[in-house]
Structure formats: structure tokens, C-alpha cells
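Student: Please see the structure below; I have some questions.
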Amino acid sequence: MELDPSQERAFKHFRDALKTGNPNKLIVFGTAGSGKTRWIISIVQYMKDNGIQCVIGAPTGRAVLNLRDHPNFAQNTPCMTLEMLKIHINNNNRKALPPFVFERGLGGVLIVDEVGMMSESYFNAIVYQR
């Protein structure tokens with residue numbers, strides 16, 4: 001998938017961070033039409049190709065479908081609403097989410113799309129698990 005120059009710079013920054021063990025959480029924001037979905041799909045494919053687990057959370061069902069229904073979306077990547085993600089975390093549902101979500105140091109990335117639509121309590125519950 002072709003990325004524009006600013007997306008390519010962000011992709012390189014993210015890829016370099018992965019090589020050093022960071023980040024374990026990725027927050028994506030940008031205006032409508034700025035290419036967030038294309039960028040997320042590219043990094044998810046990169047992680048899948050390199051054996052790195054990830055989970056994607058989005059604030060609305062529509063946002064989830066935009067990602068999940070994209071023809072280039074990496075199949076079998078957990079992608080769900082933030083509400084469902086929060087429920088799985090609170091219930092310690094290890095069948096729905098990879099182990100890295102619950103245990104630090106296992107590797108893996110939690111991607112939060114459209115972070116600007118999150119309340120502070122959702123942000124804390126999902127990103128900091130408190």
C-alpha cells in the first residue's frame with residue numbers, strides 16, 4: 001500500500017520504535033481524510049509480517065468496520081470498539097485479547113484509532129488499565 005511522505009515518515013518512526021521495544025501502545029489521530037486508516041492498515045500488516053501481535057480499538061462501530069472491511073486489512077487482527085475492549089480488559093478475557101494486553105513485557109501493540117473521541121476515563125481504562 002502506497003503511503004504519502006508524511007505517512008512514510010510516521011511509519012519509519014513507528015518501525016524504528018518497534019525495533020527498540022517501544023511502543024506498546026499507539027495512539028493515532030488526524031483530521032478526516034488524512035490517511036489514518038491507510039497508515040494503520042500498513043503498520044498492522046508490517047507487524048503481522050514480523051510476528052508482532054496487535055489489537056485495534058476504535059470509538060465507534062463504524063470506525064471498526066472501516067478498518068476491518070478494508071481490502072488490505074490483515075485478517076485475524078483483533079479490531080473492536082473501545083467499549084468492547086474495555087469490557088474484555090475489565091473481565092480479564094484472555095480468549096478475546098492477546099496476552100500482551102494484560103501482561104507487560106510480552107511485546108505487542110495496542111492501537112487506538114480516533115483517540116480524540118475518547119473520554120479521559122476511557123483513555124485511562126484502556127491505555128493505563130486503571
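Note on naming: chains are A, B, ... as they come in the C-alpha cells, residues start from 1 per chain, ligands start from 1 in the order shown.
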Set the distance at 12 Å and use only C-alpha atoms: which residues neighbour Asp4 (chain A) once local chain neighbours fewer than 5 positions away are removed? I'd like the list as JSON, numbers by chain.

Tutor: {"A": [9, 10, 11, 34, 35, 36, 38, 39, 42]}

Student: Tell me, which residues of chain A carry DSSP helix (DSSP H, G or I), written as a PDB file with N, CA, C and O atoms, in the first residue's frame?

Tutor:
```pdb
ATOM      1  N   PRO A   5       4.397  11.055   1.782  1.00  0.00           N
ATOM      2  CA  PRO A   5       5.645  11.308   2.510  1.00  0.00           C
ATOM      3  C   PRO A   5       5.484  11.465   4.022  1.00  0.00           C
ATOM      4  O   PRO A   5       6.306  10.945   4.779  1.00  0.00           O
ATOM      5  N   SER A   6       4.437  12.135   4.491  1.00  0.00           N
ATOM      6  CA  SER A   6       4.279  12.298   5.943  1.00  0.00           C
ATOM      7  C   SER A   6       3.905  10.968   6.597  1.00  0.00           C
ATOM      8  O   SER A   6       4.362  10.657   7.694  1.00  0.00           O
ATOM      9  N   GLN A   7       3.091  10.164   5.911  1.00  0.00           N
ATOM     10  CA  GLN A   7       2.757   8.836   6.437  1.00  0.00           C
ATOM     11  C   GLN A   7       3.999   7.946   6.458  1.00  0.00           C
ATOM     12  O   GLN A   7       4.188   7.173   7.391  1.00  0.00           O
ATOM     13  N   GLU A   8       4.806   8.068   5.435  1.00  0.00           N
ATOM     14  CA  GLU A   8       6.037   7.268   5.363  1.00  0.00           C
ATOM     15  C   GLU A   8       6.977   7.629   6.509  1.00  0.00           C
ATOM     16  O   GLU A   8       7.594   6.750   7.117  1.00  0.00           O
ATOM     17  N   ARG A   9       7.106   8.921   6.825  1.00  0.00           N
ATOM     18  CA  ARG A   9       7.945   9.347   7.960  1.00  0.00           C
ATOM     19  C   ARG A   9       7.403   8.776   9.263  1.00  0.00           C
ATOM     20  O   ARG A   9       8.169   8.269  10.095  1.00  0.00           O
ATOM     21  N   ALA A  10       6.080   8.841   9.452  1.00  0.00           N
ATOM     22  CA  ALA A  10       5.468   8.302  10.668  1.00  0.00           C
ATOM     23  C   ALA A  10       5.666   6.790  10.733  1.00  0.00           C
ATOM     24  O   ALA A  10       5.943   6.234  11.805  1.00  0.00           O
ATOM     25  N   PHE A  11       5.536   6.124   9.597  1.00  0.00           N
ATOM     26  CA  PHE A  11       5.738   4.673   9.541  1.00  0.00           C
ATOM     27  C   PHE A  11       7.170   4.318   9.943  1.00  0.00           C
ATOM     28  O   PHE A  11       7.405   3.421  10.746  1.00  0.00           O
ATOM     29  N   LYS A  12       8.140   5.045   9.402  1.00  0.00           N
ATOM     30  CA  LYS A  12       9.543   4.796   9.736  1.00  0.00           C
ATOM     31  C   LYS A  12       9.791   5.036  11.220  1.00  0.00           C
ATOM     32  O   LYS A  12      10.478   4.244  11.875  1.00  0.00           O
ATOM     33  N   HIS A  13       9.245   6.103  11.767  1.00  0.00           N
ATOM     34  CA  HIS A  13       9.399   6.397  13.193  1.00  0.00           C
ATOM     35  C   HIS A  13       8.822   5.254  14.030  1.00  0.00           C
ATOM     36  O   HIS A  13       9.449   4.788  14.988  1.00  0.00           O
ATOM     37  N   PHE A  14       7.633   4.790  13.661  1.00  0.00           N
ATOM     38  CA  PHE A  14       6.993   3.696  14.385  1.00  0.00           C
ATOM     39  C   PHE A  14       7.824   2.413  14.251  1.00  0.00           C
ATOM     40  O   PHE A  14       8.072   1.718  15.227  1.00  0.00           O
ATOM     41  N   ARG A  15       8.256   2.093  13.046  1.00  0.00           N
ATOM     42  CA  ARG A  15       9.059   0.885  12.808  1.00  0.00           C
ATOM     43  C   ARG A  15      10.347   0.929  13.629  1.00  0.00           C
ATOM     44  O   ARG A  15      10.744  -0.063  14.249  1.00  0.00           O
ATOM     45  N   ASP A  16      11.018   2.083  13.680  1.00  0.00           N
ATOM     46  CA  ASP A  16      12.238   2.225  14.476  1.00  0.00           C
ATOM     47  C   ASP A  16      11.940   2.057  15.963  1.00  0.00           C
ATOM     48  O   ASP A  16      12.724   1.449  16.694  1.00  0.00           O
ATOM     49  N   ALA A  17      10.809   2.577  16.413  1.00  0.00           N
ATOM     50  CA  ALA A  17      10.426   2.419  17.822  1.00  0.00           C
ATOM     51  C   ALA A  17      10.175   0.954  18.152  1.00  0.00           C
ATOM     52  O   ALA A  17      10.535   0.482  19.236  1.00  0.00           O
ATOM     53  N   LEU A  18       9.569   0.215  17.234  1.00  0.00           N
ATOM     54  CA  LEU A  18       9.340  -1.211  17.461  1.00  0.00           C
ATOM     55  C   LEU A  18      10.657  -1.966  17.641  1.00  0.00           C
ATOM     56  O   LEU A  18      10.739  -2.889  18.449  1.00  0.00           O
ATOM     57  N   LYS A  19      11.665  -1.582  16.905  1.00  0.00           N
ATOM     58  CA  LYS A  19      12.954  -2.268  16.986  1.00  0.00           C
ATOM     59  C   LYS A  19      13.613  -2.093  18.345  1.00  0.00           C
ATOM     60  O   LYS A  19      14.430  -2.912  18.750  1.00  0.00           O
ATOM     61  N   LYS A  36      -5.410   8.164   8.114  1.00  0.00           N
ATOM     62  CA  LYS A  36      -5.191   7.340   9.306  1.00  0.00           C
ATOM     63  C   LYS A  36      -5.447   5.862   9.021  1.00  0.00           C
ATOM     64  O   LYS A  36      -4.651   5.007   9.398  1.00  0.00           O
ATOM     65  N   THR A  37      -6.544   5.568   8.352  1.00  0.00           N
ATOM     66  CA  THR A  37      -6.891   4.174   8.079  1.00  0.00           C
ATOM     67  C   THR A  37      -5.816   3.516   7.227  1.00  0.00           C
ATOM     68  O   THR A  37      -5.364   2.405   7.530  1.00  0.00           O
ATOM     69  N   ARG A  38      -5.373   4.177   6.188  1.00  0.00           N
ATOM     70  CA  ARG A  38      -4.322   3.628   5.319  1.00  0.00           C
ATOM     71  C   ARG A  38      -3.058   3.365   6.117  1.00  0.00           C
ATOM     72  O   ARG A  38      -2.414   2.325   5.984  1.00  0.00           O
ATOM     73  N   TRP A  39      -2.690   4.299   6.990  1.00  0.00           N
ATOM     74  CA  TRP A  39      -1.482   4.162   7.786  1.00  0.00           C
ATOM     75  C   TRP A  39      -1.615   3.003   8.772  1.00  0.00           C
ATOM     76  O   TRP A  39      -0.701   2.184   8.913  1.00  0.00           O
ATOM     77  N   ILE A  40      -2.751   2.925   9.453  1.00  0.00           N
ATOM     78  CA  ILE A  40      -2.975   1.830  10.407  1.00  0.00           C
ATOM     79  C   ILE A  40      -2.890   0.490   9.696  1.00  0.00           C
ATOM     80  O   ILE A  40      -2.249  -0.445  10.182  1.00  0.00           O
ATOM     81  N   ILE A  41      -3.529   0.375   8.559  1.00  0.00           N
ATOM     82  CA  ILE A  41      -3.500  -0.888   7.813  1.00  0.00           C
ATOM     83  C   ILE A  41      -2.064  -1.248   7.430  1.00  0.00           C
ATOM     84  O   ILE A  41      -1.657  -2.413   7.529  1.00  0.00           O
ATOM     85  N   SER A  42      -1.275  -0.273   7.052  1.00  0.00           N
ATOM     86  CA  SER A  42       0.123  -0.530   6.691  1.00  0.00           C
ATOM     87  C   SER A  42       0.929  -1.020   7.886  1.00  0.00           C
ATOM     88  O   SER A  42       1.708  -1.978   7.764  1.00  0.00           O
ATOM     89  N   ILE A  43       0.758  -0.394   9.041  1.00  0.00           N
ATOM     90  CA  ILE A  43       1.560  -0.833  10.191  1.00  0.00           C
ATOM     91  C   ILE A  43       1.068  -2.172  10.734  1.00  0.00           C
ATOM     92  O   ILE A  43       1.864  -2.976  11.189  1.00  0.00           O
ATOM     93  N   VAL A  44      -0.236  -2.418  10.658  1.00  0.00           N
ATOM     94  CA  VAL A  44      -0.756  -3.726  11.097  1.00  0.00           C
ATOM     95  C   VAL A  44      -0.163  -4.823  10.215  1.00  0.00           C
ATOM     96  O   VAL A  44       0.262  -5.871  10.716  1.00  0.00           O
ATOM     97  N   GLN A  45      -0.131  -4.595   8.917  1.00  0.00           N
ATOM     98  CA  GLN A  45       0.458  -5.593   8.014  1.00  0.00           C
ATOM     99  C   GLN A  45       1.944  -5.785   8.311  1.00  0.00           C
ATOM    100  O   GLN A  45       2.442  -6.906   8.331  1.00  0.00           O
ATOM    101  N   TYR A  46       2.647  -4.689   8.567  1.00  0.00           N
ATOM    102  CA  TYR A  46       4.069  -4.781   8.922  1.00  0.00           C
ATOM    103  C   TYR A  46       4.251  -5.620  10.176  1.00  0.00           C
ATOM    104  O   TYR A  46       5.122  -6.501  10.232  1.00  0.00           O
ATOM    105  N   MET A  47       3.425  -5.365  11.201  1.00  0.00           N
ATOM    106  CA  MET A  47       3.547  -6.127  12.443  1.00  0.00           C
ATOM    107  C   MET A  47       3.226  -7.597  12.209  1.00  0.00           C
ATOM    108  O   MET A  47       3.931  -8.485  12.698  1.00  0.00           O
ATOM    109  N   LYS A  48       2.171  -7.859  11.458  1.00  0.00           N
ATOM    110  CA  LYS A  48       1.814  -9.255  11.166  1.00  0.00           C
ATOM    111  C   LYS A  48       2.949  -9.951  10.421  1.00  0.00           C
ATOM    112  O   LYS A  48       3.320 -11.082  10.745  1.00  0.00           O
ATOM    113  N   ASP A  49       3.532  -9.285   9.437  1.00  0.00           N
ATOM    114  CA  ASP A  49       4.642  -9.854   8.666  1.00  0.00           C
ATOM    115  C   ASP A  49       5.869 -10.129   9.533  1.00  0.00           C
ATOM    116  O   ASP A  49       6.702 -10.963   9.194  1.00  0.00           O
ATOM    117  N   GLY A  61     -18.526   1.669  16.155  1.00  0.00           N
ATOM    118  CA  GLY A  61     -18.640   0.505  15.297  1.00  0.00           C
ATOM    119  C   GLY A  61     -18.307   0.838  13.854  1.00  0.00           C
ATOM    120  O   GLY A  61     -17.723   0.038  13.138  1.00  0.00           O
ATOM    121  N   ARG A  62     -18.685   2.026  13.423  1.00  0.00           N
ATOM    122  CA  ARG A  62     -18.386   2.447  12.046  1.00  0.00           C
ATOM    123  C   ARG A  62     -16.879   2.502  11.807  1.00  0.00           C
ATOM    124  O   ARG A  62     -16.381   2.086  10.775  1.00  0.00           O
ATOM    125  N   ALA A  63     -16.140   3.055  12.775  1.00  0.00           N
ATOM    126  CA  ALA A  63     -14.685   3.133  12.652  1.00  0.00           C
ATOM    127  C   ALA A  63     -14.072   1.732  12.596  1.00  0.00           C
ATOM    128  O   ALA A  63     -13.136   1.485  11.825  1.00  0.00           O
ATOM    129  N   VAL A  64     -14.607   0.811  13.395  1.00  0.00           N
ATOM    130  CA  VAL A  64     -14.131  -0.575  13.371  1.00  0.00           C
ATOM    131  C   VAL A  64     -14.372  -1.183  11.997  1.00  0.00           C
ATOM    132  O   VAL A  64     -13.489  -1.806  11.410  1.00  0.00           O
ATOM    133  N   LEU A  65     -15.576  -0.989  11.466  1.00  0.00           N
ATOM    134  CA  LEU A  65     -15.902  -1.549  10.153  1.00  0.00           C
ATOM    135  C   LEU A  65     -15.049  -0.946   9.042  1.00  0.00           C
ATOM    136  O   LEU A  65     -14.670  -1.641   8.097  1.00  0.00           O
ATOM    137  N   ASN A  66     -14.750   0.358   9.144  1.00  0.00           N
ATOM    138  CA  ASN A  66     -13.891   0.988   8.138  1.00  0.00           C
ATOM    139  C   ASN A  66     -12.534   0.290   8.056  1.00  0.00           C
ATOM    140  O   ASN A  66     -11.976   0.130   6.975  1.00  0.00           O
ATOM    141  N   LEU A  67     -12.018  -0.111   9.201  1.00  0.00           N
ATOM    142  CA  LEU A  67     -10.746  -0.829   9.218  1.00  0.00           C
ATOM    143  C   LEU A  67     -10.933  -2.281   8.799  1.00  0.00           C
ATOM    144  O   LEU A  67     -10.268  -2.773   7.892  1.00  0.00           O
ATOM    145  N   ARG A  68     -11.824  -2.962   9.472  1.00  0.00           N
ATOM    146  CA  ARG A  68     -11.990  -4.404   9.266  1.00  0.00           C
ATOM    147  C   ARG A  68     -12.425  -4.757   7.844  1.00  0.00           C
ATOM    148  O   ARG A  68     -12.048  -5.794   7.314  1.00  0.00           O
ATOM    149  N   LEU A  82     -13.946   0.511  21.453  1.00  0.00           N
ATOM    150  CA  LEU A  82     -13.275   0.763  22.728  1.00  0.00           C
ATOM    151  C   LEU A  82     -14.096   0.213  23.885  1.00  0.00           C
ATOM    152  O   LEU A  82     -13.541  -0.278  24.860  1.00  0.00           O
ATOM    153  N   GLU A  83     -15.412   0.280  23.763  1.00  0.00           N
ATOM    154  CA  GLU A  83     -16.275  -0.260  24.818  1.00  0.00           C
ATOM    155  C   GLU A  83     -16.039  -1.763  24.979  1.00  0.00           C
ATOM    156  O   GLU A  83     -15.875  -2.270  26.092  1.00  0.00           O
ATOM    157  N   MET A  84     -15.981  -2.491  23.865  1.00  0.00           N
ATOM    158  CA  MET A  84     -15.740  -3.935  23.930  1.00  0.00           C
ATOM    159  C   MET A  84     -14.336  -4.215  24.450  1.00  0.00           C
ATOM    160  O   MET A  84     -14.134  -5.126  25.250  1.00  0.00           O
ATOM    161  N   LEU A  85     -13.368  -3.430  24.023  1.00  0.00           N
ATOM    162  CA  LEU A  85     -12.002  -3.587  24.503  1.00  0.00           C
ATOM    163  C   LEU A  85     -11.949  -3.397  26.018  1.00  0.00           C
ATOM    164  O   LEU A  85     -11.335  -4.189  26.739  1.00  0.00           O
ATOM    165  N   LYS A  86     -12.622  -2.371  26.502  1.00  0.00           N
ATOM    166  CA  LYS A  86     -12.658  -2.102  27.941  1.00  0.00           C
ATOM    167  C   LYS A  86     -13.321  -3.259  28.692  1.00  0.00           C
ATOM    168  O   LYS A  86     -12.840  -3.680  29.753  1.00  0.00           O
ATOM    169  N   ILE A  87     -14.400  -3.800  28.155  1.00  0.00           N
ATOM    170  CA  ILE A  87     -15.080  -4.935  28.794  1.00  0.00           C
ATOM    171  C   ILE A  87     -14.138  -6.133  28.874  1.00  0.00           C
ATOM    172  O   ILE A  87     -14.018  -6.782  29.920  1.00  0.00           O
ATOM    173  N   HIS A  88     -13.460  -6.439  27.769  1.00  0.00           N
ATOM    174  CA  HIS A  88     -12.529  -7.578  27.772  1.00  0.00           C
ATOM    175  C   HIS A  88     -11.396  -7.371  28.778  1.00  0.00           C
ATOM    176  O   HIS A  88     -10.999  -8.314  29.466  1.00  0.00           O
ATOM    177  N   ILE A  89     -10.879  -6.164  28.865  1.00  0.00           N
ATOM    178  CA  ILE A  89      -9.804  -5.880  29.826  1.00  0.00           C
ATOM    179  C   ILE A  89     -10.327  -6.022  31.247  1.00  0.00           C
ATOM    180  O   ILE A  89      -9.718  -6.689  32.085  1.00  0.00           O
ATOM    181  N   ASN A  90     -11.471  -5.402  31.536  1.00  0.00           N
ATOM    182  CA  ASN A  90     -12.025  -5.457  32.892  1.00  0.00           C
ATOM    183  C   ASN A  90     -12.377  -6.875  33.325  1.00  0.00           C
ATOM    184  O   ASN A  90     -12.279  -7.215  34.502  1.00  0.00           O
ATOM    185  N   PRO A  99      -2.144 -12.018  25.083  1.00  0.00           N
ATOM    186  CA  PRO A  99      -1.600 -11.859  26.440  1.00  0.00           C
ATOM    187  C   PRO A  99      -0.922 -10.523  26.713  1.00  0.00           C
ATOM    188  O   PRO A  99      -0.958 -10.036  27.837  1.00  0.00           O
ATOM    189  N   PHE A 100      -0.315  -9.904  25.693  1.00  0.00           N
ATOM    190  CA  PHE A 100       0.417  -8.662  25.950  1.00  0.00           C
ATOM    191  C   PHE A 100      -0.478  -7.559  26.487  1.00  0.00           C
ATOM    192  O   PHE A 100      -0.003  -6.645  27.151  1.00  0.00           O
ATOM    193  N   VAL A 101      -1.775  -7.632  26.231  1.00  0.00           N
ATOM    194  CA  VAL A 101      -2.692  -6.607  26.725  1.00  0.00           C
ATOM    195  C   VAL A 101      -2.733  -6.634  28.254  1.00  0.00           C
ATOM    196  O   VAL A 101      -2.895  -5.602  28.899  1.00  0.00           O
ATOM    197  N   VAL A 115      -8.370   8.761  18.817  1.00  0.00           N
ATOM    198  CA  VAL A 115      -8.240   8.998  20.259  1.00  0.00           C
ATOM    199  C   VAL A 115      -8.969  10.268  20.688  1.00  0.00           C
ATOM    200  O   VAL A 115      -9.423  10.368  21.825  1.00  0.00           O
ATOM    201  N   GLY A 116      -9.131  11.230  19.799  1.00  0.00           N
ATOM    202  CA  GLY A 116      -9.816  12.477  20.143  1.00  0.00           C
ATOM    203  C   GLY A 116     -11.277  12.289  20.524  1.00  0.00           C
ATOM    204  O   GLY A 116     -11.875  13.161  21.138  1.00  0.00           O
ATOM    205  N   MET A 117     -11.846  11.139  20.172  1.00  0.00           N
ATOM    206  CA  MET A 117     -13.236  10.868  20.520  1.00  0.00           C
ATOM    207  C   MET A 117     -13.363  10.156  21.868  1.00  0.00           C
ATOM    208  O   MET A 117     -14.455   9.853  22.311  1.00  0.00           O
ATOM    209  N   GLU A 120     -11.629  10.998  28.985  1.00  0.00           N
ATOM    210  CA  GLU A 120     -10.446  10.754  29.810  1.00  0.00           C
ATOM    211  C   GLU A 120     -10.555   9.429  30.551  1.00  0.00           C
ATOM    212  O   GLU A 120      -9.568   8.688  30.670  1.00  0.00           O
ATOM    213  N   SER A 121     -11.760   9.083  31.021  1.00  0.00           N
ATOM    214  CA  SER A 121     -11.911   7.824  31.757  1.00  0.00           C
ATOM    215  C   SER A 121     -11.678   6.619  30.851  1.00  0.00           C
ATOM    216  O   SER A 121     -11.059   5.636  31.265  1.00  0.00           O
ATOM    217  N   TYR A 122     -12.144   6.685  29.595  1.00  0.00           N
ATOM    218  CA  TYR A 122     -11.879   5.591  28.650  1.00  0.00           C
ATOM    219  C   TYR A 122     -10.387   5.490  28.362  1.00  0.00           C
ATOM    220  O   TYR A 122      -9.824   4.398  28.321  1.00  0.00           O
ATOM    221  N   PHE A 123      -9.771   6.643  28.155  1.00  0.00           N
ATOM    222  CA  PHE A 123      -8.341   6.658  27.885  1.00  0.00           C
ATOM    223  C   PHE A 123      -7.579   5.973  29.016  1.00  0.00           C
ATOM    224  O   PHE A 123      -6.749   5.094  28.781  1.00  0.00           O
ATOM    225  N   ASN A 124      -7.868   6.358  30.261  1.00  0.00           N
ATOM    226  CA  ASN A 124      -7.185   5.770  31.411  1.00  0.00           C
ATOM    227  C   ASN A 124      -7.477   4.287  31.548  1.00  0.00           C
ATOM    228  O   ASN A 124      -6.594   3.495  31.858  1.00  0.00           O
ATOM    229  N   ALA A 125      -8.732   3.882  31.324  1.00  0.00           N
ATOM    230  CA  ALA A 125      -9.113   2.475  31.470  1.00  0.00           C
ATOM    231  C   ALA A 125      -8.425   1.600  30.429  1.00  0.00           C
ATOM    232  O   ALA A 125      -7.993   0.488  30.745  1.00  0.00           O
ATOM    233  N   ILE A 126      -8.294   2.091  29.222  1.00  0.00           N
ATOM    234  CA  ILE A 126      -7.753   1.262  28.144  1.00  0.00           C
ATOM    235  C   ILE A 126      -6.234   1.394  28.043  1.00  0.00           C
ATOM    236  O   ILE A 126      -5.515   0.401  27.992  1.00  0.00           O
ATOM    237  N   VAL A 127      -5.745   2.605  28.042  1.00  0.00           N
ATOM    238  CA  VAL A 127      -4.313   2.810  27.845  1.00  0.00           C
ATOM    239  C   VAL A 127      -3.515   2.488  29.111  1.00  0.00           C
ATOM    240  O   VAL A 127      -2.486   1.826  29.060  1.00  0.00           O
TER     241      VAL A 127
END
```

Student: Considering only C-alpha atoms, state which residue in the set A:Ile111, A:Ala32, A:Ile27, A:Ala96 is at the smallest distance from Cys54 (chain A).

Tutor: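 Going through A:Ile111, A:Ala32, A:Ile27, A:Ala96 one by one, the smallest distance to Cys54 (chain A) is for A:Ile111.
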
Student: Pick from A:Asn72, A:Asn50, A:Thr20, A:Thr31: nearest to Glu2 (chain A), with only C-alpha atoms counted?

Tutor: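 Once distances to Glu2 (chain A) are computed over only C-alpha atoms, the minimum belongs to A:Asn72.
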
Student: Please list as a ChimeraX atom specification every residue within 9 Å of Val112 (chain A), counting only C-alpha atoms and excluding residues in the same chain fewer than 2 positions away.

Tutor: /A:25-29,55-59,82,110,114-115,127

Student: Can you list every residue in chain A that DSSP puts in strand (DSSP E or B), as a PyMOL selection string?

Tutor: chain A and resi 25-28+54-58+79-81+109-113

Student: Deliver the residues from the most recent selection as a file, using all heavy atoms, as a tab-separated table (two decimals), in the first residue's frame.

Tutor:
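The result, written out as selection13.tsv:
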```
chain	number	residue	atom	x	y	z
A	25	LYS	N	1.88	0.88	23.06
A	25	LYS	CA	0.59	1.50	22.78
A	25	LYS	C	0.81	2.56	21.71
A	25	LYS	O	1.80	3.27	21.73
A	25	LYS	CB	0.01	2.12	24.03
A	25	LYS	CG	-0.32	1.07	25.08
A	25	LYS	CD	-0.80	1.68	26.35
A	25	LYS	CE	-1.15	0.61	27.35
A	25	LYS	NZ	0.00	0.02	28.02
A	26	LEU	N	-0.11	2.64	20.78
A	26	LEU	CA	-0.01	3.60	19.69
A	26	LEU	C	-1.32	4.33	19.59
A	26	LEU	O	-2.37	3.71	19.46
A	26	LEU	CB	0.29	2.87	18.38
A	26	LEU	CG	0.24	3.70	17.11
A	26	LEU	CD1	1.35	4.74	17.12
A	26	LEU	CD2	0.36	2.80	15.90
A	27	ILE	N	-1.27	5.64	19.68
A	27	ILE	CA	-2.46	6.46	19.59
A	27	ILE	C	-2.40	7.20	18.26
A	27	ILE	O	-1.42	7.87	17.95
A	27	ILE	CB	-2.53	7.44	20.77
A	27	ILE	CG1	-2.62	6.64	22.08
A	27	ILE	CG2	-3.71	8.38	20.63
A	27	ILE	CD1	-2.38	7.45	23.31
A	28	VAL	N	-3.44	7.04	17.47
A	28	VAL	CA	-3.48	7.62	16.13
A	28	VAL	C	-4.52	8.73	16.10
A	28	VAL	O	-5.66	8.53	16.52
A	28	VAL	CB	-3.84	6.54	15.08
A	28	VAL	CG1	-3.89	7.14	13.70
A	28	VAL	CG2	-2.85	5.39	15.16
A	54	CYS	N	-0.95	-7.36	17.67
A	54	CYS	CA	-1.57	-6.06	17.92
A	54	CYS	C	-3.07	-6.22	18.10
A	54	CYS	O	-3.65	-7.23	17.72
A	54	CYS	CB	-1.26	-5.06	16.81
A	54	CYS	SG	-2.07	-5.38	15.24
A	55	VAL	N	-3.65	-5.23	18.73
A	55	VAL	CA	-5.09	-5.11	18.92
A	55	VAL	C	-5.44	-3.69	18.54
A	55	VAL	O	-4.71	-2.75	18.88
A	55	VAL	CB	-5.50	-5.37	20.39
A	55	VAL	CG1	-6.97	-5.09	20.60
A	55	VAL	CG2	-5.16	-6.79	20.80
A	56	ILE	N	-6.57	-3.53	17.84
A	56	ILE	CA	-7.01	-2.19	17.46
A	56	ILE	C	-8.32	-1.88	18.16
A	56	ILE	O	-9.25	-2.69	18.15
A	56	ILE	CB	-7.22	-2.09	15.94
A	56	ILE	CG1	-5.93	-2.44	15.20
A	56	ILE	CG2	-7.71	-0.69	15.55
A	56	ILE	CD1	-6.09	-2.57	13.71
A	57	GLY	N	-8.38	-0.71	18.77
A	57	GLY	CA	-9.61	-0.22	19.37
A	57	GLY	C	-10.02	1.07	18.69
A	57	GLY	O	-9.18	1.91	18.36
A	58	ALA	N	-11.31	1.22	18.45
A	58	ALA	CA	-11.84	2.43	17.82
A	58	ALA	C	-13.12	2.83	18.57
A	58	ALA	O	-13.80	1.97	19.13
A	58	ALA	CB	-12.13	2.19	16.35
A	79	CYS	N	-9.93	-6.35	16.23
A	79	CYS	CA	-10.34	-4.97	15.98
A	79	CYS	C	-11.74	-4.82	16.54
A	79	CYS	O	-12.67	-5.51	16.11
A	79	CYS	CB	-10.30	-4.70	14.48
A	79	CYS	SG	-10.69	-3.00	14.02
A	80	MET	N	-11.91	-3.94	17.52
A	80	MET	CA	-13.19	-3.84	18.21
A	80	MET	C	-13.40	-2.42	18.73
A	80	MET	O	-12.48	-1.61	18.73
A	80	MET	CB	-13.24	-4.83	19.37
A	80	MET	CG	-12.18	-4.59	20.43
A	80	MET	SD	-11.96	-5.97	21.57
A	80	MET	CE	-11.19	-7.18	20.53
A	81	THR	N	-14.63	-2.17	19.16
A	81	THR	CA	-14.92	-0.86	19.74
A	81	THR	C	-14.17	-0.72	21.06
A	81	THR	O	-13.83	-1.72	21.71
A	81	THR	CB	-16.42	-0.66	19.99
A	81	THR	OG1	-16.86	-1.62	20.95
A	81	THR	CG2	-17.23	-0.76	18.70
A	109	VAL	N	1.34	-4.52	20.42
A	109	VAL	CA	0.97	-3.11	20.35
A	109	VAL	C	-0.54	-2.96	20.40
A	109	VAL	O	-1.26	-3.65	19.68
A	109	VAL	CB	1.50	-2.46	19.04
A	109	VAL	CG1	1.09	-1.01	18.95
A	109	VAL	CG2	3.02	-2.59	18.97
A	110	LEU	N	-1.00	-2.08	21.26
A	110	LEU	CA	-2.40	-1.68	21.31
A	110	LEU	C	-2.52	-0.40	20.49
A	110	LEU	O	-1.88	0.59	20.80
A	110	LEU	CB	-2.84	-1.44	22.75
A	110	LEU	CG	-4.21	-0.79	22.94
A	110	LEU	CD1	-5.32	-1.68	22.38
A	110	LEU	CD2	-4.46	-0.49	24.41
A	111	ILE	N	-3.32	-0.44	19.44
A	111	ILE	CA	-3.53	0.73	18.58
A	111	ILE	C	-4.89	1.32	18.90
A	111	ILE	O	-5.89	0.62	18.86
A	111	ILE	CB	-3.48	0.33	17.09
A	111	ILE	CG1	-2.13	-0.30	16.74
A	111	ILE	CG2	-3.78	1.54	16.20
A	111	ILE	CD1	-2.09	-0.92	15.36
A	112	VAL	N	-4.93	2.60	19.22
A	112	VAL	CA	-6.19	3.29	19.47
A	112	VAL	C	-6.40	4.30	18.35
A	112	VAL	O	-5.64	5.25	18.20
A	112	VAL	CB	-6.20	4.00	20.85
A	112	VAL	CG1	-7.51	4.73	21.05
A	112	VAL	CG2	-5.97	3.00	21.97
A	113	ASP	N	-7.42	4.06	17.55
A	113	ASP	CA	-7.77	4.95	16.44
A	113	ASP	C	-8.74	6.01	16.95
A	113	ASP	O	-9.57	5.73	17.82
A	113	ASP	CB	-8.41	4.13	15.32
A	113	ASP	CG	-8.65	4.94	14.05
A	113	ASP	OD1	-8.04	6.02	13.91
A	113	ASP	OD2	-9.43	4.48	13.22
```

Student: Just the number, please: distance in Å from CA of Ser119 (chain A) to CA of Gly33 (chain A), one decimal.

Tutor: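 One can read the CA of Ser119 (chain A) to CA of Gly33 (chain A) distance as 22.4 Å.
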
Student: Please report the interatomic distance between CA of Ile52 (chain A) and CA of Asn76 (chain A) in Å with one decimal.

Tutor: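 Taking CA of Ile52 (chain A) as the start and CA of Asn76 (chain A) as the end point, the length is 12.8 Å.
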